[in-house]
Amino acid sequence: MRERRDPDRLAQAGQLAMLLEVSASPKPGNVDRCHDYPDTRYEDFLASSVAVYPVLIRAASSRARIGRLIFEAVSASKTWHKGGNTHFGAFTLLIPLITGGGEQKAAHDAVKSTGWEDAIEFYRAAQIAGVRVKPVEDLDLTDPESFDRIKRERLSLYEIFSISASYDLISNEWVNGFPRSFRYAEILRDDVRRLGLNDGIVMTFLRILSESPDTFVAMKFGADVAREVSERARVLTRDFDLDKIKSFDEELIERRINPGSSADIIIASLFIALVRGWI
C-alpha cells in the first residue's frame with residue numbers, strides 16, 4: 001500500500017496510462033501511432049502526456065483542489081502542443097483517481113468533497129481546452145451566466161456532474177464512484193495476459209465502446225450513430241480479428257468518428273491496472 005501511495009509512482013502510472021492508450025493500435029476511430037486527425041496529431045498526445053507530469057505529482061502529494069488541478073493540467077497540456085483537445089476527459093478521471101491513491105472509495109470521496117470553486121476552475125479548463133459539449137439549458141459550459149449561477153448558488157462540481165450523469169460517461173463515473181474504470185481495469189488485466197499489451201488494450205477498448213454509446217460520438221453525430229458504433233464494436237469483441245478491427249478503424253477515421261470518451265475510460269483503467277501491478 002505504501003508503494004501505491006508514492007507520488008512519483010502514481011504520477012508515472014498516470015503518464016504511462018496516457019502514453020499506452022494513444023500508442024495502442026488500432027483503436028477504432030482514435031488518434032494513435034498510425035492515424036492522425038487534421039487538427040490533432042499523435043505527437044500532440046505525447047506532448048500532453050509529458051507536459052502534465054508536474055500536475056500529476058501535485059495531485060498525488062498535495063491537498064490542492066481537484067478543479068484547480070484539472071485547470072492546471074489543461075493549461076500545461078496546451079502549452080506544449082498546438083492541436084485540439086487531447087486529454088480533457090482523461091484529466092477529469094485521472095486527477096481524482098491519483099488524488100485517491102488509485103483506491104476507489106478514496107477517489108469517490110475526493111470528488112464528493114468538491115466545491116463551487118472546483119466547478120469554476122473546471123469550466124475555465126473546458127474553455128481553454130476547446131471542449132465540444134452537448135448544448136444544454138442548465139449550466140452550459142459555454143454560457144457565461146453559468147459562472148454567476150455557480151457562485152451564487154454555491155454549486156459543487158460533483159452536483160453539476162450529477163445533472164449530466166445520465167448521458168455523459170465521464171460524469172457518470174464521478175457520480176457513481178468510477179465503476180467502469182475499476183471493472184475494466186480487471187478486464188484489461190485479463191485481456192493483456194491473453195493477447196499481449198497492445199492487442200489487450202485494443203480489445204478492452206472495444207469492450208468499453210460496446211457497452212455504452214460513446215458520449216463524444218453521440219454529441220457530434222447523434223444517438224443513432226453512437227448506437228451503431230457500439231453495436232459494431234460489440235460484434236468485434238466476440239473474436240479478436242485484427243483485419244476486421246483495422247477495417248472498422250479505417251472506416252471511422254474516414255468518417256471522423258472518434259470515440260473519445262471510451263478512450264478516456266481506458267486511460268483510467270490503465271492507470272488502475274498499472275498502480276496494482278497487473279500490467
# chains A, B, ... in the order shown; residues from 1 in each chain; ligands from 1
$ residues_around --residues "region 86-92 of chain A" --least-positions-apart "5" --cutoff "9 Å" --atoms "only C-alpha atoms" --output "PyMOL selection string"
chain A and resi 18+40+44-45+48-49+66-67+69-70+73-74+77-78+122+125-126+129+131+170+174+260-261+263-268
$ write_last_selection --atoms "N, CA and C atoms" --output "PDB file, in the first residue's frame"
ATOM      1  N   MET A  18      -1.604   7.307 -20.227  1.00  0.00           N
ATOM      2  CA  MET A  18      -1.917   8.139 -21.388  1.00  0.00           C
ATOM      3  C   MET A  18      -1.067   7.759 -22.589  1.00  0.00           C
ATOM      4  N   THR A  40      -5.466  17.414 -34.796  1.00  0.00           N
ATOM      5  CA  THR A  40      -4.808  16.818 -33.633  1.00  0.00           C
ATOM      6  C   THR A  40      -4.031  15.585 -34.059  1.00  0.00           C
ATOM      7  N   ASP A  44       0.796  15.362 -30.555  1.00  0.00           N
ATOM      8  CA  ASP A  44       0.127  16.252 -29.607  1.00  0.00           C
ATOM      9  C   ASP A  44      -0.222  15.509 -28.319  1.00  0.00           C
ATOM     10  N   PHE A  45      -0.653  14.258 -28.464  1.00  0.00           N
ATOM     11  CA  PHE A  45      -0.978  13.449 -27.290  1.00  0.00           C
ATOM     12  C   PHE A  45       0.278  13.112 -26.492  1.00  0.00           C
ATOM     13  N   SER A  48       1.244  16.265 -24.582  1.00  0.00           N
ATOM     14  CA  SER A  48       0.325  16.476 -23.468  1.00  0.00           C
ATOM     15  C   SER A  48       0.643  15.543 -22.305  1.00  0.00           C
ATOM     16  N   SER A  49       0.926  14.281 -22.621  1.00  0.00           N
ATOM     17  CA  SER A  49       1.220  13.291 -21.580  1.00  0.00           C
ATOM     18  C   SER A  49       2.471  13.653 -20.793  1.00  0.00           C
ATOM     19  N   ILE A  66      -9.361  19.655  -6.743  1.00  0.00           N
ATOM     20  CA  ILE A  66      -9.431  18.872  -7.971  1.00  0.00           C
ATOM     21  C   ILE A  66      -9.699  19.772  -9.167  1.00  0.00           C
ATOM     22  N   GLY A  67     -10.601  20.724  -9.014  1.00  0.00           N
ATOM     23  CA  GLY A  67     -10.891  21.627 -10.121  1.00  0.00           C
ATOM     24  C   GLY A  67      -9.669  22.421 -10.540  1.00  0.00           C
ATOM     25  N   LEU A  69      -6.543  21.507 -10.131  1.00  0.00           N
ATOM     26  CA  LEU A  69      -5.594  20.591 -10.763  1.00  0.00           C
ATOM     27  C   LEU A  69      -5.988  20.292 -12.207  1.00  0.00           C
ATOM     28  N   ILE A  70      -7.269  20.139 -12.467  1.00  0.00           N
ATOM     29  CA  ILE A  70      -7.724  19.916 -13.844  1.00  0.00           C
ATOM     30  C   ILE A  70      -7.388  21.134 -14.702  1.00  0.00           C
ATOM     31  N   ALA A  73      -3.699  21.102 -15.367  1.00  0.00           N
ATOM     32  CA  ALA A  73      -3.347  20.041 -16.318  1.00  0.00           C
ATOM     33  C   ALA A  73      -3.637  20.472 -17.749  1.00  0.00           C
ATOM     34  N   VAL A  74      -4.809  21.049 -17.963  1.00  0.00           N
ATOM     35  CA  VAL A  74      -5.167  21.511 -19.305  1.00  0.00           C
ATOM     36  C   VAL A  74      -4.235  22.633 -19.747  1.00  0.00           C
ATOM     37  N   SER A  77      -0.883  21.177 -20.679  1.00  0.00           N
ATOM     38  CA  SER A  77      -1.010  20.446 -21.943  1.00  0.00           C
ATOM     39  C   SER A  77      -0.997  21.397 -23.135  1.00  0.00           C
ATOM     40  N   LYS A  78      -1.787  22.459 -23.049  1.00  0.00           N
ATOM     41  CA  LYS A  78      -1.906  23.388 -24.176  1.00  0.00           C
ATOM     42  C   LYS A  78      -0.618  24.178 -24.407  1.00  0.00           C
ATOM     43  N   PHE A 122     -13.084  24.124 -13.319  1.00  0.00           N
ATOM     44  CA  PHE A 122     -13.384  23.126 -14.346  1.00  0.00           C
ATOM     45  C   PHE A 122     -13.957  23.800 -15.591  1.00  0.00           C
ATOM     46  N   ALA A 125     -11.208  25.464 -17.402  1.00  0.00           N
ATOM     47  CA  ALA A 125     -10.386  24.466 -18.094  1.00  0.00           C
ATOM     48  C   ALA A 125     -11.046  24.013 -19.385  1.00  0.00           C
ATOM     49  N   ALA A 126     -12.354  23.812 -19.340  1.00  0.00           N
ATOM     50  CA  ALA A 126     -13.081  23.366 -20.532  1.00  0.00           C
ATOM     51  C   ALA A 126     -12.986  24.392 -21.648  1.00  0.00           C
ATOM     52  N   ALA A 129      -9.469  24.237 -23.141  1.00  0.00           N
ATOM     53  CA  ALA A 129      -9.276  23.010 -23.917  1.00  0.00           C
ATOM     54  C   ALA A 129     -10.053  23.023 -25.223  1.00  0.00           C
ATOM     55  N   VAL A 131     -13.313  22.277 -25.466  1.00  0.00           N
ATOM     56  CA  VAL A 131     -14.122  21.061 -25.403  1.00  0.00           C
ATOM     57  C   VAL A 131     -15.443  21.262 -26.131  1.00  0.00           C
ATOM     58  N   ILE A 170     -18.244  10.379 -18.506  1.00  0.00           N
ATOM     59  CA  ILE A 170     -17.295  10.876 -17.513  1.00  0.00           C
ATOM     60  C   ILE A 170     -18.033  11.335 -16.258  1.00  0.00           C
ATOM     61  N   TRP A 174     -17.837   9.848 -12.208  1.00  0.00           N
ATOM     62  CA  TRP A 174     -17.687  10.655 -10.988  1.00  0.00           C
ATOM     63  C   TRP A 174     -18.805  10.373  -9.993  1.00  0.00           C
ATOM     64  N   GLY A 260     -14.012   9.337 -28.241  1.00  0.00           N
ATOM     65  CA  GLY A 260     -13.075   9.906 -27.278  1.00  0.00           C
ATOM     66  C   GLY A 260     -13.377   9.583 -25.833  1.00  0.00           C
ATOM     67  N   SER A 261     -14.655   9.469 -25.471  1.00  0.00           N
ATOM     68  CA  SER A 261     -14.993   9.165 -24.077  1.00  0.00           C
ATOM     69  C   SER A 261     -14.559   7.754 -23.705  1.00  0.00           C
ATOM     70  N   ALA A 263     -11.988   6.272 -24.947  1.00  0.00           N
ATOM     71  CA  ALA A 263     -10.534   6.379 -24.768  1.00  0.00           C
ATOM     72  C   ALA A 263     -10.198   6.914 -23.383  1.00  0.00           C
ATOM     73  N   ASP A 264     -10.999   7.857 -22.874  1.00  0.00           N
ATOM     74  CA  ASP A 264     -10.770   8.381 -21.528  1.00  0.00           C
ATOM     75  C   ASP A 264     -10.934   7.284 -20.478  1.00  0.00           C
ATOM     76  N   ILE A 265     -11.948   6.443 -20.650  1.00  0.00           N
ATOM     77  CA  ILE A 265     -12.174   5.352 -19.698  1.00  0.00           C
ATOM     78  C   ILE A 265     -11.008   4.368 -19.727  1.00  0.00           C
ATOM     79  N   ILE A 266     -10.514   4.039 -20.919  1.00  0.00           N
ATOM     80  CA  ILE A 266      -9.411   3.070 -20.986  1.00  0.00           C
ATOM     81  C   ILE A 266      -8.152   3.642 -20.333  1.00  0.00           C
ATOM     82  N   ILE A 267      -7.951   4.953 -20.403  1.00  0.00           N
ATOM     83  CA  ILE A 267      -6.815   5.567 -19.709  1.00  0.00           C
ATOM     84  C   ILE A 267      -6.957   5.377 -18.202  1.00  0.00           C
ATOM     85  N   ALA A 268      -8.157   5.629 -17.683  1.00  0.00           N
ATOM     86  CA  ALA A 268      -8.385   5.436 -16.248  1.00  0.00           C
ATOM     87  C   ALA A 268      -8.155   3.984 -15.845  1.00  0.00           C
TER      88      ALA A 268
END
$ residues_around --residues "region 148-157 of chain A" --least-positions-apart "2" --cutoff "6 Å" --atoms "only C-alpha atoms" --output "ChimeraX atom specification"
/A:114-116,118-119,145-146,159-160
$ write_last_selection --atoms "N, CA and C atoms" --output "PDB file, in the first residue's frame"
ATOM      1  N   THR A 114     -15.772  18.082  -3.605  1.00  0.00           N
ATOM      2  CA  THR A 114     -15.521  19.282  -4.406  1.00  0.00           C
ATOM      3  C   THR A 114     -16.514  20.382  -4.052  1.00  0.00           C
ATOM      4  N   GLY A 115     -16.102  21.625  -4.297  1.00  0.00           N
ATOM      5  CA  GLY A 115     -16.949  22.771  -4.012  1.00  0.00           C
ATOM      6  C   GLY A 115     -17.219  23.603  -5.254  1.00  0.00           C
ATOM      7  N   TRP A 116     -17.810  24.772  -5.037  1.00  0.00           N
ATOM      8  CA  TRP A 116     -18.147  25.625  -6.178  1.00  0.00           C
ATOM      9  C   TRP A 116     -16.883  26.168  -6.849  1.00  0.00           C
ATOM     10  N   ASP A 118     -14.181  24.506  -7.366  1.00  0.00           N
ATOM     11  CA  ASP A 118     -13.767  23.464  -8.312  1.00  0.00           C
ATOM     12  C   ASP A 118     -14.559  23.569  -9.608  1.00  0.00           C
ATOM     13  N   ALA A 119     -15.846  23.855  -9.473  1.00  0.00           N
ATOM     14  CA  ALA A 119     -16.699  23.969 -10.658  1.00  0.00           C
ATOM     15  C   ALA A 119     -16.247  25.122 -11.549  1.00  0.00           C
ATOM     16  N   GLU A 145     -23.198  33.015 -18.139  1.00  0.00           N
ATOM     17  CA  GLU A 145     -24.108  33.093 -16.998  1.00  0.00           C
ATOM     18  C   GLU A 145     -23.915  31.925 -16.033  1.00  0.00           C
ATOM     19  N   SER A 146     -23.392  30.817 -16.553  1.00  0.00           N
ATOM     20  CA  SER A 146     -23.178  29.650 -15.696  1.00  0.00           C
ATOM     21  C   SER A 146     -22.226  29.976 -14.550  1.00  0.00           C
ATOM     22  N   GLU A 159     -22.087  18.176  -7.825  1.00  0.00           N
ATOM     23  CA  GLU A 159     -23.513  18.425  -8.059  1.00  0.00           C
ATOM     24  C   GLU A 159     -23.778  18.685  -9.543  1.00  0.00           C
ATOM     25  N   ILE A 160     -22.896  19.422 -10.180  1.00  0.00           N
ATOM     26  CA  ILE A 160     -23.070  19.713 -11.604  1.00  0.00           C
ATOM     27  C   ILE A 160     -22.939  18.440 -12.427  1.00  0.00           C
TER      28      ILE A 160
END
$ residues_around --residues "region 245-252 of chain A" --least-positions-apart "4" --cutoff "12 Å" --atoms "only C-alpha atoms" --output "PyMOL selection string"
chain A and resi 25-32+34-37+199+202-203+205-206+217+221+225-226+228-241+256-259
$ residues_around --residues "Tyr53 (chain A)" --least-positions-apart "5" --cutoff "8 Å" --atoms "only C-alpha atoms" --output "PyMOL selection string"
chain A and resi 11-12+15
$ write_last_selection --atoms "C-alpha atoms" --output "tab-separated table (two decimals), in the first residue's frame"
chain	number	residue	atom	x	y	z
A	11	ALA	CA	2.21	10.25	-11.43
A	12	GLN	CA	4.27	7.86	-13.54
A	15	GLN	CA	1.56	9.42	-17.50
$ closest_residue --among "A:Ile208, A:Ile163, A:Ala13, A:Leu139" --to "Gly102 (chain A)" --atoms "only C-alpha atoms"
A:Ala13
$ closest_residue --among "A:Leu10, A:Ala64, A:Pro213, A:Lys105" --to "Ala273 (chain A)" --atoms "only C-alpha atoms"
A:Leu10
$ closest_residue --among "A:Ile279, A:Leu97, A:Arg227, A:Ser164" --to "Arg194 (chain A)" --atoms "only C-alpha atoms"
A:Ile279
$ select_by_dssp --residues "region 102-190 of chain A" --states "helix (DSSP H, G or I)" --output "PyMOL selection string"
chain A and resi 104-112+116-129+145-153+157-164+169-176+179-190
$ write_last_selection --atoms "C-alpha atoms" --output "PDB file, in the first residue's frame"
ATOM      1  CA  GLN A 104     -11.994   3.534  -5.495  1.00  0.00           C
ATOM      2  CA  LYS A 105     -13.571   4.826  -2.281  1.00  0.00           C
ATOM      3  CA  ALA A 106     -10.906   7.485  -1.792  1.00  0.00           C
ATOM      4  CA  ALA A 107     -11.368   8.742  -5.355  1.00  0.00           C
ATOM      5  CA  HIS A 108     -15.143   8.888  -4.927  1.00  0.00           C
ATOM      6  CA  ASP A 109     -14.782  10.710  -1.603  1.00  0.00           C
ATOM      7  CA  ALA A 110     -12.472  13.208  -3.312  1.00  0.00           C
ATOM      8  CA  VAL A 111     -14.996  14.131  -5.994  1.00  0.00           C
ATOM      9  CA  LYS A 112     -17.856  14.280  -3.499  1.00  0.00           C
ATOM     10  CA  TRP A 116     -18.147  25.625  -6.178  1.00  0.00           C
ATOM     11  CA  GLU A 117     -14.554  26.805  -6.666  1.00  0.00           C
ATOM     12  CA  ASP A 118     -13.767  23.464  -8.312  1.00  0.00           C
ATOM     13  CA  ALA A 119     -16.699  23.969 -10.658  1.00  0.00           C
ATOM     14  CA  ILE A 120     -15.434  27.401 -11.713  1.00  0.00           C
ATOM     15  CA  GLU A 121     -11.939  26.051 -12.399  1.00  0.00           C
ATOM     16  CA  PHE A 122     -13.384  23.126 -14.346  1.00  0.00           C
ATOM     17  CA  TYR A 123     -15.443  25.451 -16.552  1.00  0.00           C
ATOM     18  CA  ARG A 124     -12.356  27.586 -17.167  1.00  0.00           C
ATOM     19  CA  ALA A 125     -10.386  24.466 -18.094  1.00  0.00           C
ATOM     20  CA  ALA A 126     -13.081  23.366 -20.532  1.00  0.00           C
ATOM     21  CA  GLN A 127     -12.936  26.715 -22.296  1.00  0.00           C
ATOM     22  CA  ILE A 128      -9.141  26.582 -22.613  1.00  0.00           C
ATOM     23  CA  ALA A 129      -9.276  23.010 -23.917  1.00  0.00           C
ATOM     24  CA  GLU A 145     -24.108  33.093 -16.998  1.00  0.00           C
ATOM     25  CA  SER A 146     -23.178  29.650 -15.696  1.00  0.00           C
ATOM     26  CA  PHE A 147     -20.237  31.147 -13.769  1.00  0.00           C
ATOM     27  CA  ASP A 148     -22.510  33.620 -11.980  1.00  0.00           C
ATOM     28  CA  ARG A 149     -25.033  30.943 -11.097  1.00  0.00           C
ATOM     29  CA  ILE A 150     -22.360  28.562  -9.770  1.00  0.00           C
ATOM     30  CA  LYS A 151     -21.025  31.295  -7.474  1.00  0.00           C
ATOM     31  CA  ARG A 152     -24.476  32.493  -6.437  1.00  0.00           C
ATOM     32  CA  GLU A 153     -25.852  29.031  -5.627  1.00  0.00           C
ATOM     33  CA  LEU A 157     -18.585  20.262  -9.325  1.00  0.00           C
ATOM     34  CA  TYR A 158     -19.987  16.960  -8.067  1.00  0.00           C
ATOM     35  CA  GLU A 159     -23.513  18.425  -8.059  1.00  0.00           C
ATOM     36  CA  ILE A 160     -23.070  19.713 -11.604  1.00  0.00           C
ATOM     37  CA  PHE A 161     -21.827  16.330 -12.787  1.00  0.00           C
ATOM     38  CA  SER A 162     -24.910  14.762 -11.219  1.00  0.00           C
ATOM     39  CA  ILE A 163     -27.009  16.723 -13.712  1.00  0.00           C
ATOM     40  CA  SER A 164     -25.220  15.222 -16.739  1.00  0.00           C
ATOM     41  CA  LEU A 169     -19.841   8.767 -19.394  1.00  0.00           C
ATOM     42  CA  ILE A 170     -17.295  10.876 -17.513  1.00  0.00           C
ATOM     43  CA  SER A 171     -19.929  12.498 -15.293  1.00  0.00           C
ATOM     44  CA  ASN A 172     -21.411   9.067 -14.644  1.00  0.00           C
ATOM     45  CA  GLU A 173     -18.030   7.789 -13.461  1.00  0.00           C
ATOM     46  CA  TRP A 174     -17.687  10.655 -10.988  1.00  0.00           C
ATOM     47  CA  VAL A 175     -21.181  10.377  -9.573  1.00  0.00           C
ATOM     48  CA  ASN A 176     -21.229   6.589  -9.217  1.00  0.00           C
ATOM     49  CA  PRO A 179     -17.428   1.742 -11.687  1.00  0.00           C
ATOM     50  CA  ARG A 180     -16.406   1.299 -15.331  1.00  0.00           C
ATOM     51  CA  SER A 181     -12.838   2.400 -14.707  1.00  0.00           C
ATOM     52  CA  PHE A 182     -12.286  -0.200 -11.986  1.00  0.00           C
ATOM     53  CA  ARG A 183     -14.262  -3.001 -13.613  1.00  0.00           C
ATOM     54  CA  TYR A 184     -12.452  -2.597 -16.916  1.00  0.00           C
ATOM     55  CA  ALA A 185      -9.086  -2.496 -15.145  1.00  0.00           C
ATOM     56  CA  GLU A 186      -9.684  -6.138 -14.214  1.00  0.00           C
ATOM     57  CA  ILE A 187     -10.883  -6.985 -17.717  1.00  0.00           C
ATOM     58  CA  LEU A 188      -7.837  -5.207 -19.143  1.00  0.00           C
ATOM     59  CA  ARG A 189      -5.564  -7.307 -16.946  1.00  0.00           C
ATOM     60  CA  ASP A 190      -7.087 -10.487 -18.365  1.00  0.00           C
TER      61      ASP A 190
END
